[in-house]
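So this one's structure.cif, mmCIF, C-alpha atoms:
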data_coords
#
loop_
_atom_site.label_atom_id
_atom_site.label_comp_id
_atom_site.auth_asym_id
_atom_site.auth_seq_id
_atom_site.Cartn_x
_atom_site.Cartn_y
_atom_site.Cartn_z
CA MET F 113 -29.05 -26.78 -17.90
CA PHE F 114 -26.21 -25.95 -20.25
CA GLN F 115 -22.44 -26.43 -20.45
CA VAL F 116 -19.70 -23.82 -20.35
CA THR F 117 -16.00 -24.41 -20.98
CA ILE F 118 -13.59 -22.66 -18.61
CA ALA F 119 -9.86 -22.48 -19.32
CA LEU F 120 -6.77 -21.22 -17.52
CA PRO F 121 -4.15 -19.26 -19.50
CA SER F 122 -1.91 -22.34 -19.16
CA GLY F 123 -4.30 -24.25 -21.40
CA LYS F 124 -5.81 -26.40 -18.68
CA ARG F 125 -9.58 -26.50 -19.18
CA THR F 126 -12.75 -27.98 -17.82
CA SER F 127 -16.46 -28.07 -18.66
CA VAL F 128 -19.10 -27.26 -16.06
CA THR F 129 -22.85 -27.72 -16.14
CA VAL F 130 -24.79 -24.59 -15.25
CA ALA F 131 -28.48 -24.22 -14.39
CA GLU F 132 -30.40 -21.41 -16.09
CA SER F 133 -31.28 -20.07 -12.63
CA SER F 134 -27.61 -19.88 -11.57
CA LYS F 135 -25.70 -16.75 -10.68
CA VAL F 136 -22.15 -15.79 -11.61
CA ALA F 137 -21.14 -16.81 -8.08
CA ASP F 138 -22.23 -20.37 -8.81
CA VAL F 139 -20.15 -20.55 -12.00
CA LYS F 140 -17.15 -19.12 -10.16
CA LEU F 141 -17.52 -21.68 -7.37
CA LEU F 142 -17.58 -24.52 -9.91
CA ALA F 143 -14.42 -23.19 -11.51
CA GLN F 144 -12.69 -22.86 -8.14
CA GLN F 145 -13.56 -26.45 -7.29
CA GLN F 146 -12.44 -27.83 -10.65
CA PHE F 147 -9.11 -25.98 -10.71
CA GLN F 148 -8.61 -26.03 -6.93
CA GLN F 149 -7.89 -22.31 -7.03
CA GLY F 150 -9.37 -20.10 -4.32
CA PHE F 151 -9.17 -16.79 -6.16
CA LEU F 152 -10.29 -16.64 -9.79
CA ARG F 153 -11.55 -13.92 -12.10
CA LEU F 154 -13.80 -15.07 -14.96
CA ILE F 155 -13.68 -13.32 -18.33
CA THR F 156 -15.98 -14.02 -21.29
CA ALA F 157 -14.76 -14.60 -24.85
CA TRP F 158 -15.75 -11.01 -25.70
CA GLY F 159 -13.70 -9.56 -22.84
CA TYR F 160 -16.45 -8.94 -20.27
CA VAL F 161 -15.28 -9.47 -16.68
CA LEU F 162 -17.85 -11.34 -14.60
CA SER F 163 -17.30 -9.25 -11.48
CA ASP F 164 -20.86 -9.02 -10.16
CA LEU F 165 -21.31 -12.32 -8.32
CA GLU F 166 -25.03 -11.68 -7.81
CA GLU F 167 -25.62 -11.23 -11.54
CA SER F 168 -27.66 -14.04 -13.14
CA VAL F 169 -26.08 -16.11 -15.91
CA GLU F 170 -28.90 -14.91 -18.12
CA ALA F 171 -28.06 -11.26 -17.49
CA ALA F 172 -24.39 -12.09 -18.12
CA GLU F 173 -25.50 -13.58 -21.45
CA LEU F 174 -23.90 -16.95 -20.82
CA GLU F 175 -25.15 -19.64 -23.18
CA GLU F 176 -24.54 -23.24 -24.16
CA GLY F 177 -21.01 -23.75 -25.49
CA ASP F 178 -19.62 -20.45 -24.24
CA HIS F 179 -15.92 -20.26 -23.35
CA LEU F 180 -14.64 -18.44 -20.27
CA THR F 181 -11.09 -17.65 -19.23
CA ALA F 182 -10.23 -18.02 -15.55
CA ILE F 183 -7.41 -15.81 -14.30
CA ALA F 184 -5.85 -16.96 -11.02
CA GLN F 185 -5.35 -14.08 -8.60
CA GLN F 186 -2.95 -13.81 -5.71
CA ALA F 187 -4.48 -13.02 -2.34
CA ARG F 188 -3.02 -10.01 -0.52
CA LEU F 189 -2.94 -9.28 3.18
CA ALA F 190 -3.03 -5.99 5.07
CA ALA F 191 -2.91 -5.57 8.85
CA THR F 192 -3.58 -3.04 11.57
CA GLY F 193 -2.16 -3.54 15.05
CA SER F 194 -4.65 -6.30 15.86
CA ALA F 195 -6.73 -7.12 12.75
CA PHE F 196 -6.18 -8.55 9.27
CA ALA F 197 -7.75 -7.87 5.88
CA LEU F 198 -7.48 -10.45 3.09
CA TRP F 199 -8.21 -9.12 -0.41
CA ILE F 200 -7.51 -9.57 -4.09
CA TYR F 201 -6.80 -6.92 -6.69
CA GLY F 202 -10.02 -6.11 -8.55
CA GLY F 203 -12.16 -8.00 -6.04
CA ASP F 204 -15.50 -6.96 -4.56
CA LYS F 205 -15.04 -8.38 -1.09
CA ILE F 206 -12.54 -8.13 1.75
CA LEU F 207 -12.30 -10.79 4.45
CA THR F 208 -11.43 -9.32 7.85
CA TRP F 209 -10.85 -10.75 11.32
CA GLY F 210 -9.34 -9.72 14.63
CA SER F 211 -10.22 -6.76 16.86
CA ALA F 212 -13.49 -5.21 15.67
CA TYR F 213 -12.39 -1.80 16.97
CA ASN F 214 -9.21 -1.97 14.89
CA GLY F 215 -10.82 -3.05 11.61
CA GLY F 216 -11.57 -6.73 12.20
CA ARG F 217 -15.28 -6.20 11.55
CA SER F 218 -16.19 -4.90 8.08
CA THR F 219 -19.79 -6.04 7.52
CA SER F 220 -21.08 -2.46 7.32
CA ILE F 221 -18.88 -1.55 4.35
CA GLN F 222 -18.85 -4.78 2.30
CA LYS F 223 -21.55 -3.59 -0.13
CA LYS F 224 -19.46 -0.52 -0.97
CA LEU F 225 -16.49 -2.60 -2.15
CA LYS F 226 -16.31 -2.67 -5.94
CA ASN F 227 -13.10 -3.46 -7.81
CA VAL F 228 -10.63 -2.94 -4.93
CA GLN F 229 -7.24 -1.63 -6.08
CA GLN F 230 -5.38 -1.15 -2.79
CA VAL F 231 -5.84 -1.71 0.94
CA GLN F 232 -3.77 0.35 3.37
CA ALA F 233 -3.73 0.28 7.18
CA THR F 234 -2.92 2.45 10.16
CA LEU F 235 -2.50 0.70 13.53
CA HIS F 236 -6.26 0.92 14.08
CA ALA F 237 -8.08 1.27 10.74
CA PHE F 238 -8.19 0.24 7.08
CA ALA F 239 -8.69 2.20 3.85
CA ALA F 240 -9.58 0.57 0.52
CA VAL F 241 -9.07 2.39 -2.78
CA LEU F 242 -11.57 1.43 -5.46
CA ALA F 243 -11.18 1.49 -9.25
CA ASP F 244 -13.47 4.54 -9.53
CA GLY F 245 -11.02 6.52 -7.37
CA SER F 246 -13.16 6.56 -4.24
CA VAL F 247 -12.10 5.29 -0.80
CA VAL F 248 -13.86 3.07 1.75
CA THR F 249 -12.67 3.16 5.36
CA TRP F 250 -13.44 1.22 8.54
CA GLY F 251 -12.01 0.66 12.01
CA SER F 252 -11.22 3.24 14.68
CA HIS F 253 -12.87 6.55 13.75
CA ARG F 254 -10.15 8.56 15.46
CA CYS F 255 -7.32 6.84 13.58
CA GLY F 256 -8.59 6.94 9.99
CA GLY F 257 -11.61 4.62 10.06
CA ASP F 258 -13.99 7.53 9.48
CA SER F 259 -13.33 9.51 6.29
CA SER F 260 -16.85 10.96 6.00
CA PHE F 261 -15.77 14.55 6.52
CA VAL F 262 -13.40 14.37 3.52
CA SER F 263 -15.40 11.91 1.41
CA ASP F 264 -16.37 14.64 -1.08
CA GLN F 265 -12.65 15.31 -1.65
CA LEU F 266 -11.71 11.65 -2.11
CA ARG F 267 -12.25 11.51 -5.85
CA GLY F 268 -9.68 10.27 -8.33
CA VAL F 269 -7.54 8.70 -5.59
CA GLN F 270 -4.43 7.01 -6.99
CA ARG F 271 -2.85 5.70 -3.81
CA VAL F 272 -3.17 5.92 -0.02
CA GLU F 273 -0.33 5.88 2.52
CA ALA F 274 -0.51 5.69 6.31
CA THR F 275 1.09 6.58 9.62
CA ALA F 276 0.11 4.90 12.91
CA GLY F 277 -3.16 6.82 13.01
CA ALA F 278 -3.76 8.78 9.81
CA PHE F 279 -4.10 8.35 6.05
CA ALA F 280 -2.88 10.48 3.13
CA ALA F 281 -4.34 10.04 -0.34
CA ILE F 282 -2.67 11.19 -3.55
CA LEU F 283 -5.27 12.32 -6.08
CA LYS F 284 -5.07 12.14 -9.85
CA ASP F 285 -4.29 15.86 -10.06
CA GLY F 286 -1.33 15.49 -7.69
CA SER F 287 -3.03 17.05 -4.68
CA VAL F 288 -3.32 15.34 -1.28
CA VAL F 289 -6.20 14.65 1.12
CA THR F 290 -5.52 13.60 4.73
CA TRP F 291 -7.69 12.33 7.57
CA GLY F 292 -7.34 10.58 10.92
CA ALA F 293 -5.60 11.72 14.10
CA PRO F 294 -4.42 15.32 13.44
CA TYR F 295 -1.23 14.95 15.50
CA LEU F 296 -0.30 11.78 13.58
CA GLY F 297 -0.44 13.41 10.15
CA GLY F 298 -4.20 13.59 9.67
CA ASP F 299 -4.10 17.40 9.49
CA SER F 300 -2.12 18.77 6.54
CA SER F 301 -3.74 22.22 6.52
CA GLU F 302 -0.48 24.08 7.27
CA VAL F 303 1.18 22.70 4.13
CA GLN F 304 -1.87 22.16 1.93
CA ASP F 305 -0.93 24.91 -0.50
CA GLN F 306 2.45 23.19 -1.04
CA LEU F 307 0.97 19.77 -1.74
CA LYS F 308 0.75 20.02 -5.51
CA ASN F 309 2.09 17.66 -8.16
CA VAL F 310 2.86 15.05 -5.50
CA ARG F 311 4.42 11.86 -6.90
CA GLN F 312 5.16 9.89 -3.71
CA ILE F 313 4.26 9.87 -0.01
CA GLN F 314 5.93 7.95 2.81
CA GLY F 315 4.78 7.74 6.41
CA SER F 316 6.65 7.26 9.67
CA LEU F 317 4.68 6.43 12.83
CA GLN F 318 3.47 9.99 13.28
CA ALA F 319 4.44 12.04 10.21
CA PHE F 320 4.24 12.15 6.43
CA ALA F 321 6.73 13.24 3.78
CA ALA F 322 5.68 13.95 0.21
CA VAL F 323 8.01 14.11 -2.79
CA LEU F 324 6.86 16.53 -5.49
CA GLU F 325 7.44 16.20 -9.22
CA ASN F 326 10.24 18.77 -9.02
CA GLY F 327 12.07 16.60 -6.46
CA SER F 328 11.38 18.77 -3.44
CA VAL F 329 9.87 17.45 -0.18
CA VAL F 330 6.96 18.61 1.98
CA THR F 331 6.50 17.22 5.52
CA TRP F 332 3.82 17.40 8.21
CA GLY F 333 2.83 15.67 11.44
CA SER F 334 4.84 15.12 14.61
CA HIS F 335 8.14 17.03 14.47
CA ARG F 336 10.00 14.36 16.40
CA TYR F 337 8.96 11.68 13.91
CA GLY F 338 9.95 13.63 10.79
CA GLY F 339 7.11 16.09 10.39
CA ASP F 340 9.62 18.97 10.51
CA SER F 341 12.27 18.86 7.79
CA SER F 342 13.27 22.54 8.02
CA LYS F 343 16.89 21.79 9.04
CA VAL F 344 17.54 19.81 5.84
CA GLN F 345 15.21 21.64 3.46
CA PRO F 346 18.14 23.29 1.62
CA GLU F 347 19.38 19.78 0.78
CA LEU F 348 15.98 18.41 -0.27
CA PHE F 349 15.94 19.03 -3.97
CA LEU F 350 16.01 16.52 -6.80
CA VAL F 351 15.07 13.71 -4.41
CA ARG F 352 15.35 10.38 -6.22
CA GLN F 353 14.02 8.04 -3.54
CA LEU F 354 12.43 8.47 -0.13
CA LYS F 355 12.47 5.88 2.64
CA ALA F 356 10.68 6.04 5.99
CA SER F 357 11.31 4.21 9.23
CA PRO F 358 8.90 4.54 12.17
CA PHE F 359 10.92 7.45 13.59
CA ALA F 360 12.75 9.09 10.68
CA PHE F 361 13.11 9.66 6.94
CA ALA F 362 16.04 9.19 4.56
CA ALA F 363 16.10 10.69 1.07
CA ILE F 364 18.49 9.67 -1.72
CA LEU F 365 19.36 12.74 -3.78
CA ALA F 366 20.14 12.95 -7.47
CA ASP F 367 23.91 13.04 -6.80
CA GLY F 368 23.74 9.83 -4.72
CA SER F 369 24.08 11.54 -1.36
CA VAL F 370 21.55 11.18 1.47
CA ALA F 371 19.58 13.64 3.59
CA THR F 372 17.99 12.47 6.86
CA TRP F 373 15.62 13.95 9.42
CA GLY F 374 13.41 12.88 12.31
CA ASP F 375 14.48 11.35 15.63
CA PRO F 376 18.30 11.71 15.66
CA ASP F 377 18.76 8.57 17.80
CA TYR F 378 16.84 6.35 15.39
CA GLY F 379 18.17 7.27 11.95
CA GLY F 380 17.24 10.92 11.68
CA ASP F 381 20.86 12.01 12.04
CA SER F 382 23.39 10.54 9.60
CA SER F 383 26.13 13.09 10.22
CA LEU F 384 28.60 10.50 11.58
CA VAL F 385 28.55 8.60 8.27
CA GLN F 386 27.71 11.43 5.90
CA ASP F 387 31.10 11.35 4.19
CA GLN F 388 30.53 7.65 3.39
CA LEU F 389 27.07 8.17 1.91
CA LYS F 390 28.08 8.62 -1.72
CA ASN F 391 26.64 6.95 -4.81
CA VAL F 392 23.84 5.46 -2.70
CA GLN F 393 21.58 3.12 -4.69
CA GLU F 394 19.06 1.90 -2.13
CA ILE F 395 18.08 2.33 1.51
CA GLN F 396 16.29 -0.02 3.88
CA GLY F 397 15.19 0.73 7.43
CA THR F 398 14.54 -1.22 10.60
CA ARG F 399 12.40 0.34 13.29
CA PHE F 400 15.41 2.21 14.68
CA ALA F 401 18.12 2.36 11.98
CA PHE F 402 18.92 2.61 8.27
CA ALA F 403 21.22 0.70 5.91
CA ALA F 404 22.35 2.07 2.53
CA ILE F 405 23.74 0.05 -0.38
CA LEU F 406 26.36 1.93 -2.38
CA ALA F 407 27.15 1.57 -6.07
CA ASP F 408 30.22 -0.54 -5.31
CA GLY F 409 28.14 -3.03 -3.29
CA SER F 410 29.32 -1.89 0.12
CA VAL F 411 26.94 -0.96 2.96
CA VAL F 412 26.71 2.02 5.31
CA THR F 413 24.54 1.91 8.45
CA TRP F 414 23.42 4.46 11.02
CA GLY F 415 20.88 4.87 13.83
CA ASP F 416 20.52 2.92 17.06
CA ALA F 417 23.73 0.86 17.29
CA GLU F 418 22.08 -2.09 19.01
CA ARG F 419 19.21 -2.28 16.52
CA GLY F 420 20.96 -2.36 13.17
CA GLY F 421 22.75 0.97 13.14
CA ASP F 422 26.18 -0.54 13.83
CA SER F 423 27.44 -3.04 11.23
CA SER F 424 31.11 -2.87 12.21
CA GLU F 425 31.32 -6.56 13.22
CA VAL F 426 30.33 -7.71 9.72
CA GLN F 427 31.59 -4.78 7.68
CA ASP F 428 34.35 -6.81 6.02
CA GLN F 429 31.69 -9.27 4.78
CA LEU F 430 29.43 -6.61 3.34
CA ARG F 431 30.83 -6.67 -0.19
CA ASN F 432 28.99 -6.86 -3.52
CA VAL F 433 25.67 -6.52 -1.71
CA MET F 434 22.67 -6.51 -4.04
CA GLN F 435 19.77 -6.41 -1.59
CA ILE F 436 19.05 -5.86 2.08
CA GLN F 437 15.96 -6.83 4.04
CA ALA F 438 15.06 -5.52 7.48
CA THR F 439 13.06 -6.68 10.49
CA ASN F 440 10.93 -4.28 12.43
#
Can the structure in the file be given as structure tokens, please?
Amino acid sequence: MFQVTIALPSGKRTSVTVAESSKVADVKLLAQQQFQQGFLRLITAWGYVLSDLEESVEAAELEEGDHLTAIAQQARLAATGSAFALWIYGGDKILTWGSAYNGGRSTSIQKKLKNVQQVQATLHAFAAVLADGSVVTWGSHRCGGDSSFVSDQLRGVQRVEATAGAFAAILKDGSVVTWGAPYLGGDSSEVQDQLKNVRQIQGSLQAFAAVLENGSVVTWGSHRYGGDSSKVQPELFLVRQLKASPFAFAAILADGSVATWGDPDYGGDSSLVQDQLKNVQEIQGTRFAFAAILADGSVVTWGDAERGGDSSEVQDQLRNVMQIQATN
């Protein structure tokens, strides 16, 4: 038996007694109990992160009198249509529950999870991006839970985005890999040669839009849901910010104007307020409408009038607005 001192960055510390036969998991559990913190990352005095919970304390070179730092981590939650995934940044495990078909059962992939960086979800599947740039998927095979046929391409993944049934991964070199239901954005073959130097991707329910480094936009997936941006392509240059709702996309351009496309009834057509959309700073979307904050703090809305697209009753109160939040 030997003692190890564990301290939080705040200065709060405790000493725990560790058996020579213990594993890192045992030390972590003692720290969690002492500090009453559910999610902790332990770091040695020489900067080694004790991430392998099955590693023995001997292999981790822990000795009498050693000092560890415990970093409290915030739990994060992702969800499909009927399952949840609880995870922490840099963790090696994801807790899932709910419909097994939609990602609630993850026992088969747990051993693959090392240093999780991001968890993204379609309505029926999950995708986890690991620190080594690989991706682990589970849930409905048809809606993104099976990435085996593109696994050799999923290297150097920086971020994954999703529609209702497909995933799109941005790689380190700026290219894009997609999988899942083809008609929901899982097939990007028609625009693959255009998907270079991608800096951002947004997904509606059935389509993706990618912003390139030069500020142009490439879209694919269901035309009705924004997969076809041909009518506004002449406007889509120097895009500063891209926002997606389930049915449409809205892009803030360098001059502060806005270009929209997708379902015209649900935010894809902003022609009625186009002359008001000047010096736009930020856009938020409900499921069926958009709201834009202008530089002077006023707000412009469009889309389904009964679902957020009509703000006429409160327009005189919408002054000096700094932030807007939306329901779905």
Item to check | Residue contacts of range 339-345 of chain F (12 Å, all atoms listed in the file) excluding same-chain residues fewer than 2 positions away, as an MDAnalysis selection string | outcome: chainID F and resid 275 294:300 302:303 314:322 327:337 347:351 356 358:363 370:375 380:383
Item to check | Of the listed residues F:Leu406, F:Ala233, F:Val136, F:Ala195, that which approaches Glu167 in chain F most closely, counting all atoms listed in the file | outcome: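 Residue with the minimum atom-to-atom distance to Glu167 in chain F: F:Val136.
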Next on the checklist: Report, in Å with one decimal, the straight-line distance from CA of Trp250 in chain F to CA of Gln232 in chain F.
Outcome noted: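 For CA of Trp250 in chain F relative to CA of Gln232 in chain F, the distance reads 11.0 Å.
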Checklist entry - So which one's closest to Trp199 in chain F, F:Ser133, F:Ala240, F:Ser168, F:Ser163? Using only C-alpha atoms, please. => result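 Nearest to Trp199 in chain F: F:Ala240.
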Could you list, with a cut-off of 12 Å and counting only C-alpha atoms, the residues of range 154-188 of chain F near range 218-231 of chain F, each shown with its nearest atom pair and the distance in Å rounded to one decimal, rows sorted by chain and ascending number, as CSV?
residue,atom,partner,partner_atom,distance
F:Val161,CA,F:Asn227,CA,10.9
F:Leu162,CA,F:Asn227,CA,11.4
F:Ser163,CA,F:Asn227,CA,8.0
F:Asp164,CA,F:Lys226,CA,8.9
F:Leu165,CA,F:Lys226,CA,11.1
F:Glu166,CA,F:Lys223,CA,11.7
F:Ala187,CA,F:Val231,CA,11.9
F:Arg188,CA,F:Val231,CA,8.9
Neighbour list for Ser246 in chain F as a PDB file with C-alpha atoms, keeping the file's coordinate frame, cut-off 8 Å, only C-alpha atoms, skip fewer than 4 positions in-chain:
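Generated output (selection-v6.pdb):
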ATOM      1  CA  VAL F 241      -9.070   2.390  -2.780  1.00  0.00           C
ATOM      2  CA  LEU F 242     -11.570   1.430  -5.460  1.00  0.00           C
ATOM      3  CA  LEU F 266     -11.710  11.650  -2.110  1.00  0.00           C
ATOM      4  CA  ARG F 267     -12.250  11.510  -5.850  1.00  0.00           C
ATOM      5  CA  GLY F 268      -9.680  10.270  -8.330  1.00  0.00           C
ATOM      6  CA  VAL F 269      -7.540   8.700  -5.590  1.00  0.00           C
TER       7      VAL F 269
END
Item to check | Spatial neighbours of range 206-210 of chain F, 6 Å, all atoms listed in the file, chain gap at least 5 places, as a VMD selection string | outcome: chain F and resid 194 to 199 216
Since we have the selection now, will you write its residues out, keeping C-alpha atoms, as a short mmCIF file (atom, residue, chain, number, x, y, z; two decimals), in the coordinates of the input?
data_model
loop_
_atom_site.label_atom_id
_atom_site.label_comp_id
_atom_site.auth_asym_id
_atom_site.auth_seq_id
_atom_site.Cartn_x
_atom_site.Cartn_y
_atom_site.Cartn_z
CA SER F 194 -4.65 -6.30 15.86
CA ALA F 195 -6.73 -7.12 12.75
CA PHE F 196 -6.18 -8.55 9.27
CA ALA F 197 -7.75 -7.87 5.88
CA LEU F 198 -7.48 -10.45 3.09
CA TRP F 199 -8.21 -9.12 -0.41
CA GLY F 216 -11.57 -6.73 12.20
#
Item to check | Which residue of F:Gln265, F:Gln393, F:Thr398, F:Ser287 approaches Met434 in chain F most closely, using only C-alpha atoms | outcome: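 Looking only at the distances to Met434 in chain F, the closest residue turns out to be F:Gln393.
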Next on the checklist: Counting all atoms listed in the file, I want the residues whose atoms come within 8 Å of (-8.7, 6.5, 7.7) in the file frame, returned as a list of chain:residue names.
Outcome noted: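 Residues lying no farther than 8 Å from the given point: F:Ala233, F:Thr234, F:Ala237, F:Phe238, F:Ala239, F:Thr249, F:Trp250, F:Gly251, F:His253, F:Cys255, F:Gly256, F:Gly257, F:Asp258, F:Ser259, F:Gly277, F:Ala278, F:Phe279, F:Trp291, F:Gly292.
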Would you export the selected residues with C-alpha atoms as a CSV table (one decimal), keeping the file's coordinate frame, please?
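Below you can see again-v8.csv, which holds the result:
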chain,number,residue,atom,x,y,z
F,233,ALA,CA,-3.7,0.3,7.2
F,234,THR,CA,-2.9,2.4,10.2
F,237,ALA,CA,-8.1,1.3,10.7
F,238,PHE,CA,-8.2,0.2,7.1
F,239,ALA,CA,-8.7,2.2,3.8
F,249,THR,CA,-12.7,3.2,5.4
F,250,TRP,CA,-13.4,1.2,8.5
F,251,GLY,CA,-12.0,0.7,12.0
F,253,HIS,CA,-12.9,6.6,13.8
F,255,CYS,CA,-7.3,6.8,13.6
F,256,GLY,CA,-8.6,6.9,10.0
F,257,GLY,CA,-11.6,4.6,10.1
F,258,ASP,CA,-14.0,7.5,9.5
F,259,SER,CA,-13.3,9.5,6.3
F,277,GLY,CA,-3.2,6.8,13.0
F,278,ALA,CA,-3.8,8.8,9.8
F,279,PHE,CA,-4.1,8.4,6.0
F,291,TRP,CA,-7.7,12.3,7.6
F,292,GLY,CA,-7.3,10.6,10.9
Would you mind putting back N, CA, C and O atoms on range 305-319 of chain F, then writing it out as a PDB file, keeping the file's coordinate frame?
ATOM      1  N   ASP F 305      -1.209  24.149   0.727  1.00  0.00           N
ATOM      2  CA  ASP F 305      -0.930  24.910  -0.500  1.00  0.00           C
ATOM      3  C   ASP F 305       0.369  24.463  -1.178  1.00  0.00           C
ATOM      4  O   ASP F 305       0.608  24.776  -2.345  1.00  0.00           O
ATOM      5  N   GLN F 306       1.204  23.707  -0.462  1.00  0.00           N
ATOM      6  CA  GLN F 306       2.450  23.190  -1.040  1.00  0.00           C
ATOM      7  C   GLN F 306       2.283  21.810  -1.661  1.00  0.00           C
ATOM      8  O   GLN F 306       3.128  21.366  -2.435  1.00  0.00           O
ATOM      9  N   LEU F 307       1.187  21.144  -1.290  1.00  0.00           N
ATOM     10  CA  LEU F 307       0.970  19.770  -1.740  1.00  0.00           C
ATOM     11  C   LEU F 307       0.338  19.744  -3.137  1.00  0.00           C
ATOM     12  O   LEU F 307      -0.848  19.458  -3.312  1.00  0.00           O
ATOM     13  N   LYS F 308       1.172  20.029  -4.105  1.00  0.00           N
ATOM     14  CA  LYS F 308       0.750  20.020  -5.510  1.00  0.00           C
ATOM     15  C   LYS F 308       1.752  19.204  -6.319  1.00  0.00           C
ATOM     16  O   LYS F 308       2.948  19.222  -6.038  1.00  0.00           O
ATOM     17  N   ASN F 309       1.235  18.511  -7.315  1.00  0.00           N
ATOM     18  CA  ASN F 309       2.090  17.660  -8.160  1.00  0.00           C
ATOM     19  C   ASN F 309       2.900  16.661  -7.327  1.00  0.00           C
ATOM     20  O   ASN F 309       4.092  16.455  -7.550  1.00  0.00           O
ATOM     21  N   VAL F 310       2.219  16.044  -6.363  1.00  0.00           N
ATOM     22  CA  VAL F 310       2.860  15.050  -5.500  1.00  0.00           C
ATOM     23  C   VAL F 310       3.010  13.733  -6.263  1.00  0.00           C
ATOM     24  O   VAL F 310       2.066  13.252  -6.878  1.00  0.00           O
ATOM     25  N   ARG F 311       4.200  13.137  -6.211  1.00  0.00           N
ATOM     26  CA  ARG F 311       4.420  11.860  -6.900  1.00  0.00           C
ATOM     27  C   ARG F 311       4.600  10.693  -5.931  1.00  0.00           C
ATOM     28  O   ARG F 311       4.435   9.544  -6.315  1.00  0.00           O
ATOM     29  N   GLN F 312       4.938  10.972  -4.674  1.00  0.00           N
ATOM     30  CA  GLN F 312       5.160   9.890  -3.710  1.00  0.00           C
ATOM     31  C   GLN F 312       4.941  10.410  -2.296  1.00  0.00           C
ATOM     32  O   GLN F 312       5.243  11.569  -1.988  1.00  0.00           O
ATOM     33  N   ILE F 313       4.397   9.557  -1.438  1.00  0.00           N
ATOM     34  CA  ILE F 313       4.260   9.870  -0.010  1.00  0.00           C
ATOM     35  C   ILE F 313       4.768   8.681   0.787  1.00  0.00           C
ATOM     36  O   ILE F 313       4.505   7.528   0.443  1.00  0.00           O
ATOM     37  N   GLN F 314       5.499   8.964   1.853  1.00  0.00           N
ATOM     38  CA  GLN F 314       5.930   7.950   2.810  1.00  0.00           C
ATOM     39  C   GLN F 314       5.484   8.385   4.190  1.00  0.00           C
ATOM     40  O   GLN F 314       5.408   9.584   4.485  1.00  0.00           O
ATOM     41  N   GLY F 315       5.192   7.415   5.058  1.00  0.00           N
ATOM     42  CA  GLY F 315       4.780   7.740   6.410  1.00  0.00           C
ATOM     43  C   GLY F 315       5.643   7.075   7.455  1.00  0.00           C
ATOM     44  O   GLY F 315       5.983   5.895   7.332  1.00  0.00           O
ATOM     45  N   SER F 316       6.025   7.840   8.486  1.00  0.00           N
ATOM     46  CA  SER F 316       6.650   7.260   9.670  1.00  0.00           C
ATOM     47  C   SER F 316       5.502   6.916  10.628  1.00  0.00           C
ATOM     48  O   SER F 316       4.350   6.856  10.206  1.00  0.00           O
ATOM     49  N   LEU F 317       5.768   6.714  11.901  1.00  0.00           N
ATOM     50  CA  LEU F 317       4.680   6.430  12.830  1.00  0.00           C
ATOM     51  C   LEU F 317       3.743   7.616  13.002  1.00  0.00           C
ATOM     52  O   LEU F 317       2.524   7.439  13.137  1.00  0.00           O
ATOM     53  N   GLN F 318       4.300   8.832  12.967  1.00  0.00           N
ATOM     54  CA  GLN F 318       3.470   9.990  13.280  1.00  0.00           C
ATOM     55  C   GLN F 318       3.640  11.164  12.315  1.00  0.00           C
ATOM     56  O   GLN F 318       3.215  12.275  12.613  1.00  0.00           O
ATOM     57  N   ALA F 319       4.243  10.934  11.156  1.00  0.00           N
ATOM     58  CA  ALA F 319       4.440  12.040  10.210  1.00  0.00           C
ATOM     59  C   ALA F 319       4.472  11.537   8.780  1.00  0.00           C
ATOM     60  O   ALA F 319       4.750  10.359   8.522  1.00  0.00           O
TER      61      ALA F 319
END
